[in-house]
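Take a look at the structure below.
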Amino acid sequence: MPHLQDQLDEITSNTRTLVQPERLAVSERAVEELFATGIEQQILAVGSKMPEFSLPDATGRVVKSSDLLALGPLVIDFFRGRWCPYCVTELEAWRDLYSIVRERGGLLVAISPQTMRQSDFMQDQHEIPFALLHDAGCSVAAQFGLAYQVPPYHQQHYRSVLVNIPFVNGDQSWKLLIPATYVIDRDGTVLFAEAHADFRVRPEPEDVLPYLPYRSR
């Protein structure tokens, strides 16, 4: 199985071949400015207690973090939306390793600001076996230190490339999150935390799995 980052780097390479330099420059500026805010150092850290959440899945069923942790340790993947090819590739990597997560007694959910309808499309199109949860306005992501406001020039960029964030997310807030991966122990303690202001970088799932403590289901 190819490394996730190799697949993401291929997307980046293809993008640089196909997209005009002036459009690429906008994305580069946005990444640099987001990194400069120090957001990566402000995320919910290892050893912290995870804030509890109740979020609807793609069917509208409310999923509670307390119910998930009652069953086993939890992997949480925060992603931007189905419009992001990097996020799709990452979730497909987790899809292919989901059986290993379950073998270790763990559970996996993915959280994004996209609407339940968008998640339903994504789950069906990419055969995602785990819950995709709707975090309206990135409210839970904010509690993890991951949320940010898309600046006006970047809003204009998204519109110009036909990525309609308000439609996809179902609100006009223009809130997004930096992609992040967490492993949470059953008592709510953060065992692993990694997030990147550069959306083109994600942790390797195979490097995350060892943080799932073996527990009988």
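The way I read the labels, and the way they are meant: chains A, B, ... in the order of the structure tokens, residue 1 as the first residue of every chain, and ligand 1 as the first ligand shown, with later ones counted on from there.
Using only C-alpha atoms, the protein and nucleic acid residues lying no more than 12 Å from Glu28 in chain A, apart from those fewer than 6 places from it along its own chain, are A:Thr12, A:Arg16, A:Pro21, A:Glu22, A:Leu34, A:Phe35, A:His154, A:His157, A:Ala197, A:Asp198, A:Phe199, A:Arg200.
Every protein, DNA or RNA residue with an atom at most 10 Å from Arg80 in chain A, where only C-alpha atoms count and chain neighbours fewer than 3 positions away do not, is listed here: Trp83, Cys84, Pro85, Tyr86, Cys87, Val88, Ile111, Ser112, Pro113, Gln114, Cys138, Ile165, Asn169, Leu176, Leu177, Ile178, Pro179, Ala180 and Phe199 of chain A.
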Store the residues picked out above, limited to all heavy atoms, as a short mmCIF file (atom, residue, chain, number, x, y, z; two decimals), in the first residue's frame.
data_model
loop_
_atom_site.label_atom_id
_atom_site.label_comp_id
_atom_site.auth_asym_id
_atom_site.auth_seq_id
_atom_site.Cartn_x
_atom_site.Cartn_y
_atom_site.Cartn_z
N TRP A 83 -14.84 18.38 -1.22
CA TRP A 83 -14.28 19.18 -2.32
C TRP A 83 -12.75 19.17 -2.31
O TRP A 83 -12.12 19.59 -3.29
CB TRP A 83 -14.78 20.63 -2.20
CG TRP A 83 -14.52 21.24 -0.85
CD1 TRP A 83 -15.35 21.22 0.24
CD2 TRP A 83 -13.35 21.96 -0.43
NE1 TRP A 83 -14.78 21.87 1.30
CE2 TRP A 83 -13.56 22.33 0.92
CE3 TRP A 83 -12.17 22.33 -1.06
CZ2 TRP A 83 -12.61 23.04 1.65
CZ3 TRP A 83 -11.22 23.04 -0.34
CH2 TRP A 83 -11.45 23.39 1.00
N CYS A 84 -12.15 18.69 -1.24
CA CYS A 84 -10.70 18.71 -1.07
C CYS A 84 -10.13 17.34 -1.44
O CYS A 84 -10.38 16.36 -0.73
CB CYS A 84 -10.34 19.06 0.37
SG CYS A 84 -8.60 18.83 0.77
N PRO A 85 -9.37 17.23 -2.55
CA PRO A 85 -8.86 15.92 -2.95
C PRO A 85 -7.90 15.31 -1.94
O PRO A 85 -7.79 14.08 -1.84
CB PRO A 85 -8.15 16.21 -4.28
CG PRO A 85 -7.85 17.67 -4.26
CD PRO A 85 -8.96 18.30 -3.48
N TYR A 86 -7.21 16.15 -1.18
CA TYR A 86 -6.31 15.64 -0.14
C TYR A 86 -7.11 14.94 0.96
O TYR A 86 -6.70 13.89 1.46
CB TYR A 86 -5.49 16.78 0.46
CG TYR A 86 -4.57 17.46 -0.53
CD1 TYR A 86 -5.02 18.52 -1.33
CD2 TYR A 86 -3.25 17.05 -0.69
CE1 TYR A 86 -4.18 19.14 -2.24
CE2 TYR A 86 -2.41 17.66 -1.60
CZ TYR A 86 -2.89 18.71 -2.38
OH TYR A 86 -2.06 19.32 -3.29
N CYS A 87 -8.24 15.54 1.32
CA CYS A 87 -9.10 14.94 2.35
C CYS A 87 -9.69 13.62 1.88
O CYS A 87 -9.75 12.65 2.63
CB CYS A 87 -10.22 15.91 2.72
SG CYS A 87 -9.64 17.45 3.48
N VAL A 88 -10.14 13.59 0.64
CA VAL A 88 -10.70 12.35 0.08
C VAL A 88 -9.66 11.24 0.10
O VAL A 88 -9.94 10.11 0.53
CB VAL A 88 -11.21 12.59 -1.35
CG1 VAL A 88 -11.59 11.26 -2.01
CG2 VAL A 88 -12.40 13.55 -1.35
N ILE A 111 -14.74 14.16 11.09
CA ILE A 111 -15.54 15.36 11.39
C ILE A 111 -15.18 16.47 10.41
O ILE A 111 -14.00 16.74 10.18
CB ILE A 111 -15.28 15.83 12.84
CG1 ILE A 111 -15.72 14.75 13.84
CG2 ILE A 111 -16.00 17.15 13.12
CD1 ILE A 111 -15.39 15.09 15.30
N SER A 112 -16.21 17.11 9.86
CA SER A 112 -15.98 18.25 8.97
C SER A 112 -17.16 19.21 9.09
O SER A 112 -18.23 18.85 9.59
CB SER A 112 -15.84 17.79 7.52
OG SER A 112 -17.10 17.55 6.94
N PRO A 113 -17.00 20.45 8.57
CA PRO A 113 -18.13 21.39 8.59
C PRO A 113 -19.13 21.15 7.47
O PRO A 113 -20.18 21.80 7.44
CB PRO A 113 -17.45 22.75 8.43
CG PRO A 113 -16.19 22.46 7.69
CD PRO A 113 -15.74 21.10 8.16
N GLN A 114 -18.86 20.24 6.52
CA GLN A 114 -19.78 20.04 5.40
C GLN A 114 -21.12 19.48 5.88
O GLN A 114 -21.21 18.81 6.91
CB GLN A 114 -19.16 19.13 4.35
CG GLN A 114 -19.06 17.67 4.73
CD GLN A 114 -18.39 16.82 3.64
OE1 GLN A 114 -17.85 17.32 2.68
NE2 GLN A 114 -18.43 15.51 3.83
N CYS A 138 -17.87 24.75 12.42
CA CYS A 138 -16.60 24.31 13.01
C CYS A 138 -16.57 24.52 14.53
O CYS A 138 -15.51 24.82 15.11
CB CYS A 138 -15.41 25.02 12.37
SG CYS A 138 -15.10 24.55 10.66
N ILE A 165 -17.91 27.20 -0.68
CA ILE A 165 -17.84 26.80 0.73
C ILE A 165 -19.16 27.05 1.47
O ILE A 165 -19.63 26.18 2.21
CB ILE A 165 -16.66 27.51 1.44
CG1 ILE A 165 -15.32 27.13 0.78
CG2 ILE A 165 -16.63 27.17 2.93
CD1 ILE A 165 -14.92 25.70 0.91
N ASN A 169 -20.98 23.91 3.20
CA ASN A 169 -21.07 23.87 4.67
C ASN A 169 -22.44 24.27 5.20
O ASN A 169 -22.71 24.11 6.39
CB ASN A 169 -20.00 24.76 5.29
CG ASN A 169 -18.60 24.20 5.09
OD1 ASN A 169 -18.42 23.10 4.59
ND2 ASN A 169 -17.60 24.97 5.47
N LEU A 176 -13.38 27.36 8.36
CA LEU A 176 -12.81 26.07 7.98
C LEU A 176 -11.93 25.59 9.12
O LEU A 176 -11.75 26.28 10.13
CB LEU A 176 -11.99 26.19 6.69
CG LEU A 176 -12.75 26.19 5.36
CD1 LEU A 176 -11.78 26.30 4.19
CD2 LEU A 176 -13.62 24.94 5.21
N LEU A 177 -11.39 24.39 8.96
CA LEU A 177 -10.50 23.84 9.97
C LEU A 177 -9.21 23.36 9.31
O LEU A 177 -9.18 23.11 8.11
CB LEU A 177 -11.18 22.69 10.71
CG LEU A 177 -11.75 21.52 9.88
CD1 LEU A 177 -10.69 20.52 9.47
CD2 LEU A 177 -12.86 20.82 10.65
N ILE A 178 -8.16 23.30 10.11
CA ILE A 178 -6.95 22.67 9.60
C ILE A 178 -7.08 21.17 9.82
O ILE A 178 -7.57 20.74 10.86
CB ILE A 178 -5.67 23.24 10.26
CG1 ILE A 178 -5.65 23.01 11.77
CG2 ILE A 178 -5.51 24.71 9.95
CD1 ILE A 178 -4.30 23.34 12.41
N PRO A 179 -6.71 20.37 8.83
CA PRO A 179 -6.84 18.92 8.98
C PRO A 179 -6.05 18.42 10.18
O PRO A 179 -4.93 18.90 10.45
CB PRO A 179 -6.26 18.38 7.67
CG PRO A 179 -6.36 19.51 6.70
CD PRO A 179 -6.16 20.74 7.52
N ALA A 180 -6.63 17.47 10.90
CA ALA A 180 -6.00 16.97 12.12
C ALA A 180 -6.41 15.53 12.37
O ALA A 180 -7.49 15.10 11.97
CB ALA A 180 -6.39 17.84 13.32
N PHE A 199 -2.52 22.17 4.27
CA PHE A 199 -3.51 21.12 4.03
C PHE A 199 -2.96 19.97 3.20
O PHE A 199 -3.60 18.92 3.09
CB PHE A 199 -4.75 21.71 3.33
CG PHE A 199 -4.45 22.34 2.00
CD1 PHE A 199 -4.45 21.59 0.84
CD2 PHE A 199 -4.15 23.69 1.91
CE1 PHE A 199 -4.17 22.16 -0.40
CE2 PHE A 199 -3.86 24.28 0.68
CZ PHE A 199 -3.87 23.51 -0.47
#
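As for CA of Asp77 in chain A and CA of Phe53 in chain A, they are spaced 14.1 Å apart.
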Exercise. Find the residues near range 89-101 of chain A: any atom within 7 Å, counting only C-alpha atoms, skip ones fewer than 6 places away on the same chain, and give them as number ranges by chain.
Key: A: 4, 107, 128-129, 205
Generate a file of the selected residues that holds N, CA, C and O atoms, formatted as an mmCIF file, in the first residue's frame.
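Written file, part.cif:
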data_model
loop_
_atom_site.group_PDB
_atom_site.id
_atom_site.type_symbol
_atom_site.label_atom_id
_atom_site.label_comp_id
_atom_site.auth_asym_id
_atom_site.auth_seq_id
_atom_site.Cartn_x
_atom_site.Cartn_y
_atom_site.Cartn_z
ATOM 1 N N LEU A 4 0.559 7.424 2.334
ATOM 2 C CA LEU A 4 -0.420 8.488 2.114
ATOM 3 C C LEU A 4 0.264 9.760 1.617
ATOM 4 O O LEU A 4 -0.207 10.386 0.660
ATOM 5 N N LEU A 107 -12.494 2.655 17.476
ATOM 6 C CA LEU A 107 -13.524 3.208 16.597
ATOM 7 C C LEU A 107 -12.912 4.391 15.848
ATOM 8 O O LEU A 107 -11.880 4.933 16.257
ATOM 9 N N ILE A 128 -17.096 4.857 2.333
ATOM 10 C CA ILE A 128 -16.534 5.106 3.659
ATOM 11 C C ILE A 128 -17.353 4.328 4.692
ATOM 12 O O ILE A 128 -18.559 4.551 4.825
ATOM 13 N N PRO A 129 -16.727 3.418 5.460
ATOM 14 C CA PRO A 129 -17.488 2.561 6.376
ATOM 15 C C PRO A 129 -17.711 3.162 7.759
ATOM 16 O O PRO A 129 -18.444 2.590 8.570
ATOM 17 N N PRO A 205 -1.431 7.140 8.421
ATOM 18 C CA PRO A 205 -2.283 6.325 9.291
ATOM 19 C C PRO A 205 -1.531 5.182 9.979
ATOM 20 O O PRO A 205 -1.805 4.869 11.143
#
Practice problem: Please identify which residues in range 18-215 of chain A DSSP calls alpha helix (DSSP H) from the backbone, and express them as a PyMOL selection string. | Solution: chain A and resi 18+21-36+65-71+85-103+116-126+139-143+152-160+165-169+205-208
Do you know which residues are at most 12 Å from His196 in chain A counting only C-alpha atoms, after dropping those on the same chain fewer than 5 positions away, and could you put them as a short mmCIF file (atom, residue, chain, number, x, y, z; two decimals) with C-alpha atoms, in the first residue's frame?
data_model
loop_
_atom_site.label_atom_id
_atom_site.label_comp_id
_atom_site.auth_asym_id
_atom_site.auth_seq_id
_atom_site.Cartn_x
_atom_site.Cartn_y
_atom_site.Cartn_z
CA VAL A 31 -1.00 28.53 3.94
CA GLU A 32 1.89 30.80 4.95
CA LEU A 34 -2.22 30.46 8.57
CA PHE A 35 1.06 28.88 9.65
CA ALA A 36 2.27 32.27 10.90
CA GLY A 38 0.83 29.63 15.30
CA ILE A 39 -2.36 27.61 15.00
CA GLU A 40 -0.41 24.34 14.93
CA GLN A 41 0.94 25.06 18.43
CA GLN A 42 -2.51 25.94 19.77
CA ILE A 43 -4.29 22.65 19.07
CA PHE A 78 -10.88 16.28 11.10
CA PHE A 79 -11.16 17.04 7.38
CA GLY A 145 -8.02 24.59 18.37
CA LEU A 146 -8.42 23.77 14.67
CA ALA A 147 -10.92 26.34 13.35
CA LEU A 177 -10.50 23.84 9.97
CA ILE A 178 -6.95 22.67 9.60
CA PRO A 179 -6.84 18.92 8.98
CA ALA A 180 -6.00 16.97 12.12
CA THR A 181 -5.81 13.45 13.47
CA VAL A 201 0.45 17.39 4.75
CA ARG A 202 -1.19 14.63 6.83
CA PRO A 203 0.12 12.02 9.28
#
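The neighbours of range 210-213 of chain A here are the residues that come within 9 Å of it, using only C-alpha atoms and leaving out any residue fewer than 5 positions away in the same chain; they are Pro73, Leu74, Val75, Val101, Arg104, Gly105, Gly106, Val183, Ile184, Asp185, Leu191 and Phe192 of chain A.
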Take the residues that were just selected and, keeping all heavy atoms, output them as a PDB file, in the first residue's frame.
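Output file selection-v6.pdb follows:
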ATOM      1  N   PRO A  73     -11.269   2.933  22.449  1.00  0.00           N
ATOM      2  CA  PRO A  73     -10.511   4.139  22.086  1.00  0.00           C
ATOM      3  C   PRO A  73     -10.942   4.638  20.712  1.00  0.00           C
ATOM      4  O   PRO A  73     -11.480   3.875  19.900  1.00  0.00           O
ATOM      5  CB  PRO A  73      -9.062   3.673  22.100  1.00  0.00           C
ATOM      6  CG  PRO A  73      -9.124   2.195  21.914  1.00  0.00           C
ATOM      7  CD  PRO A  73     -10.411   1.747  22.555  1.00  0.00           C
ATOM      8  N   LEU A  74     -10.696   5.905  20.458  1.00  0.00           N
ATOM      9  CA  LEU A  74     -11.298   6.557  19.296  1.00  0.00           C
ATOM     10  C   LEU A  74     -10.253   7.288  18.459  1.00  0.00           C
ATOM     11  O   LEU A  74      -9.426   8.032  18.995  1.00  0.00           O
ATOM     12  CB  LEU A  74     -12.342   7.564  19.792  1.00  0.00           C
ATOM     13  CG  LEU A  74     -13.109   8.396  18.772  1.00  0.00           C
ATOM     14  CD1 LEU A  74     -13.952   7.510  17.864  1.00  0.00           C
ATOM     15  CD2 LEU A  74     -13.988   9.426  19.487  1.00  0.00           C
ATOM     16  N   VAL A  75     -10.295   7.057  17.152  1.00  0.00           N
ATOM     17  CA  VAL A  75      -9.534   7.868  16.200  1.00  0.00           C
ATOM     18  C   VAL A  75     -10.494   8.908  15.628  1.00  0.00           C
ATOM     19  O   VAL A  75     -11.594   8.562  15.170  1.00  0.00           O
ATOM     20  CB  VAL A  75      -8.949   7.019  15.051  1.00  0.00           C
ATOM     21  CG1 VAL A  75      -8.211   7.913  14.046  1.00  0.00           C
ATOM     22  CG2 VAL A  75      -8.011   5.945  15.588  1.00  0.00           C
ATOM     23  N   VAL A 101      -8.206  -0.852  12.658  1.00  0.00           N
ATOM     24  CA  VAL A 101      -8.707  -0.058  13.784  1.00  0.00           C
ATOM     25  C   VAL A 101      -9.671  -0.891  14.618  1.00  0.00           C
ATOM     26  O   VAL A 101      -9.575  -0.939  15.853  1.00  0.00           O
ATOM     27  CB  VAL A 101      -9.409   1.225  13.280  1.00  0.00           C
ATOM     28  CG1 VAL A 101     -10.057   1.984  14.438  1.00  0.00           C
ATOM     29  CG2 VAL A 101      -8.417   2.127  12.552  1.00  0.00           C
ATOM     30  N   ARG A 104      -8.117  -3.675  16.684  1.00  0.00           N
ATOM     31  CA  ARG A 104      -7.480  -3.173  17.897  1.00  0.00           C
ATOM     32  C   ARG A 104      -8.502  -2.706  18.927  1.00  0.00           C
ATOM     33  O   ARG A 104      -8.133  -2.136  19.976  1.00  0.00           O
ATOM     34  CB  ARG A 104      -6.524  -2.030  17.551  1.00  0.00           C
ATOM     35  CG  ARG A 104      -5.345  -2.447  16.672  1.00  0.00           C
ATOM     36  CD  ARG A 104      -4.356  -1.308  16.476  1.00  0.00           C
ATOM     37  NE  ARG A 104      -3.605  -1.041  17.696  1.00  0.00           N
ATOM     38  CZ  ARG A 104      -2.348  -1.448  17.923  1.00  0.00           C
ATOM     39  NH1 ARG A 104      -1.718  -2.164  17.016  1.00  0.00           N
ATOM     40  NH2 ARG A 104      -1.732  -1.147  19.052  1.00  0.00           N
ATOM     41  N   GLY A 105      -9.775  -2.916  18.639  1.00  0.00           N
ATOM     42  CA  GLY A 105     -10.822  -2.522  19.566  1.00  0.00           C
ATOM     43  C   GLY A 105     -11.196  -1.064  19.479  1.00  0.00           C
ATOM     44  O   GLY A 105     -11.934  -0.553  20.327  1.00  0.00           O
ATOM     45  N   GLY A 106     -10.686  -0.371  18.450  1.00  0.00           N
ATOM     46  CA  GLY A 106     -10.939   1.054  18.331  1.00  0.00           C
ATOM     47  C   GLY A 106     -12.108   1.386  17.423  1.00  0.00           C
ATOM     48  O   GLY A 106     -12.645   0.530  16.710  1.00  0.00           O
ATOM     49  N   VAL A 183      -6.001  10.546  18.466  1.00  0.00           N
ATOM     50  CA  VAL A 183      -6.364   9.275  19.095  1.00  0.00           C
ATOM     51  C   VAL A 183      -6.731   9.599  20.541  1.00  0.00           C
ATOM     52  O   VAL A 183      -5.968  10.262  21.254  1.00  0.00           O
ATOM     53  CB  VAL A 183      -5.221   8.250  19.046  1.00  0.00           C
ATOM     54  CG1 VAL A 183      -5.645   6.956  19.761  1.00  0.00           C
ATOM     55  CG2 VAL A 183      -4.826   7.934  17.609  1.00  0.00           C
ATOM     56  N   ILE A 184      -7.900   9.128  20.938  1.00  0.00           N
ATOM     57  CA  ILE A 184      -8.436   9.423  22.271  1.00  0.00           C
ATOM     58  C   ILE A 184      -8.604   8.120  23.043  1.00  0.00           C
ATOM     59  O   ILE A 184      -9.229   7.171  22.548  1.00  0.00           O
ATOM     60  CB  ILE A 184      -9.809  10.132  22.174  1.00  0.00           C
ATOM     61  CG1 ILE A 184      -9.767  11.292  21.159  1.00  0.00           C
ATOM     62  CG2 ILE A 184     -10.261  10.598  23.550  1.00  0.00           C
ATOM     63  CD1 ILE A 184      -8.865  12.427  21.538  1.00  0.00           C
ATOM     64  N   ASP A 185      -8.063   8.065  24.263  1.00  0.00           N
ATOM     65  CA  ASP A 185      -8.253   6.896  25.107  1.00  0.00           C
ATOM     66  C   ASP A 185      -9.671   6.898  25.662  1.00  0.00           C
ATOM     67  O   ASP A 185     -10.383   7.904  25.594  1.00  0.00           O
ATOM     68  CB  ASP A 185      -7.232   6.897  26.242  1.00  0.00           C
ATOM     69  CG  ASP A 185      -6.918   5.500  26.757  1.00  0.00           C
ATOM     70  OD1 ASP A 185      -7.629   4.540  26.360  1.00  0.00           O
ATOM     71  OD2 ASP A 185      -5.964   5.351  27.539  1.00  0.00           O
ATOM     72  N   LEU A 191      -4.168  10.812  23.269  1.00  0.00           N
ATOM     73  CA  LEU A 191      -2.963   9.998  23.169  1.00  0.00           C
ATOM     74  C   LEU A 191      -2.086  10.403  21.991  1.00  0.00           C
ATOM     75  O   LEU A 191      -0.873  10.204  22.019  1.00  0.00           O
ATOM     76  CB  LEU A 191      -3.331   8.516  23.026  1.00  0.00           C
ATOM     77  CG  LEU A 191      -4.166   7.892  24.132  1.00  0.00           C
ATOM     78  CD1 LEU A 191      -4.501   6.438  23.794  1.00  0.00           C
ATOM     79  CD2 LEU A 191      -3.429   7.970  25.473  1.00  0.00           C
ATOM     80  N   PHE A 192      -2.713  10.945  20.947  1.00  0.00           N
ATOM     81  CA  PHE A 192      -1.991  11.366  19.740  1.00  0.00           C
ATOM     82  C   PHE A 192      -2.711  12.577  19.181  1.00  0.00           C
ATOM     83  O   PHE A 192      -3.942  12.622  19.150  1.00  0.00           O
ATOM     84  CB  PHE A 192      -1.974  10.236  18.699  1.00  0.00           C
ATOM     85  CG  PHE A 192      -1.345  10.619  17.386  1.00  0.00           C
ATOM     86  CD1 PHE A 192       0.008  10.420  17.158  1.00  0.00           C
ATOM     87  CD2 PHE A 192      -2.105  11.186  16.361  1.00  0.00           C
ATOM     88  CE1 PHE A 192       0.595  10.774  15.946  1.00  0.00           C
ATOM     89  CE2 PHE A 192      -1.526  11.545  15.151  1.00  0.00           C
ATOM     90  CZ  PHE A 192      -0.173  11.333  14.944  1.00  0.00           C
TER      91      PHE A 192
END
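Residue nearest Ser66 in chain A, chosen from A:Leu8, A:Asp207, A:Asp187, A:Tyr158 and counting only C-alpha atoms: A:Asp187.
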Contact residues around range 48-50 of chain A with only C-alpha atoms at 7 Å, ignoring same-chain residues under 3 positions, as a PDB file with N, CA and C atoms, in the first residue's frame:
ATOM      1  N   LEU A  44      -5.446  21.238  20.632  1.00  0.00           N
ATOM      2  CA  LEU A  44      -5.603  20.399  21.821  1.00  0.00           C
ATOM      3  C   LEU A  44      -4.469  19.380  21.840  1.00  0.00           C
ATOM      4  N   ALA A  45      -3.707  19.372  22.922  1.00  0.00           N
ATOM      5  CA  ALA A  45      -2.438  18.646  22.949  1.00  0.00           C
ATOM      6  C   ALA A  45      -2.568  17.271  23.604  1.00  0.00           C
ATOM      7  N   GLY A 188     -11.021   9.649  27.722  1.00  0.00           N
ATOM      8  CA  GLY A 188     -11.059  10.976  27.116  1.00  0.00           C
ATOM      9  C   GLY A 188      -9.710  11.655  26.993  1.00  0.00           C
ATOM     10  N   THR A 189      -8.636  10.968  27.372  1.00  0.00           N
ATOM     11  CA  THR A 189      -7.299  11.555  27.290  1.00  0.00           C
ATOM     12  C   THR A 189      -6.764  11.478  25.863  1.00  0.00           C
ATOM     13  N   VAL A 190      -6.185  12.580  25.399  1.00  0.00           N
ATOM     14  CA  VAL A 190      -5.593  12.619  24.066  1.00  0.00           C
ATOM     15  C   VAL A 190      -4.259  11.855  24.084  1.00  0.00           C
TER      16      VAL A 190
END
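As for CA of Gln143 in chain A and CA of Gln118 in chain A, they are spaced 22.9 Å apart.
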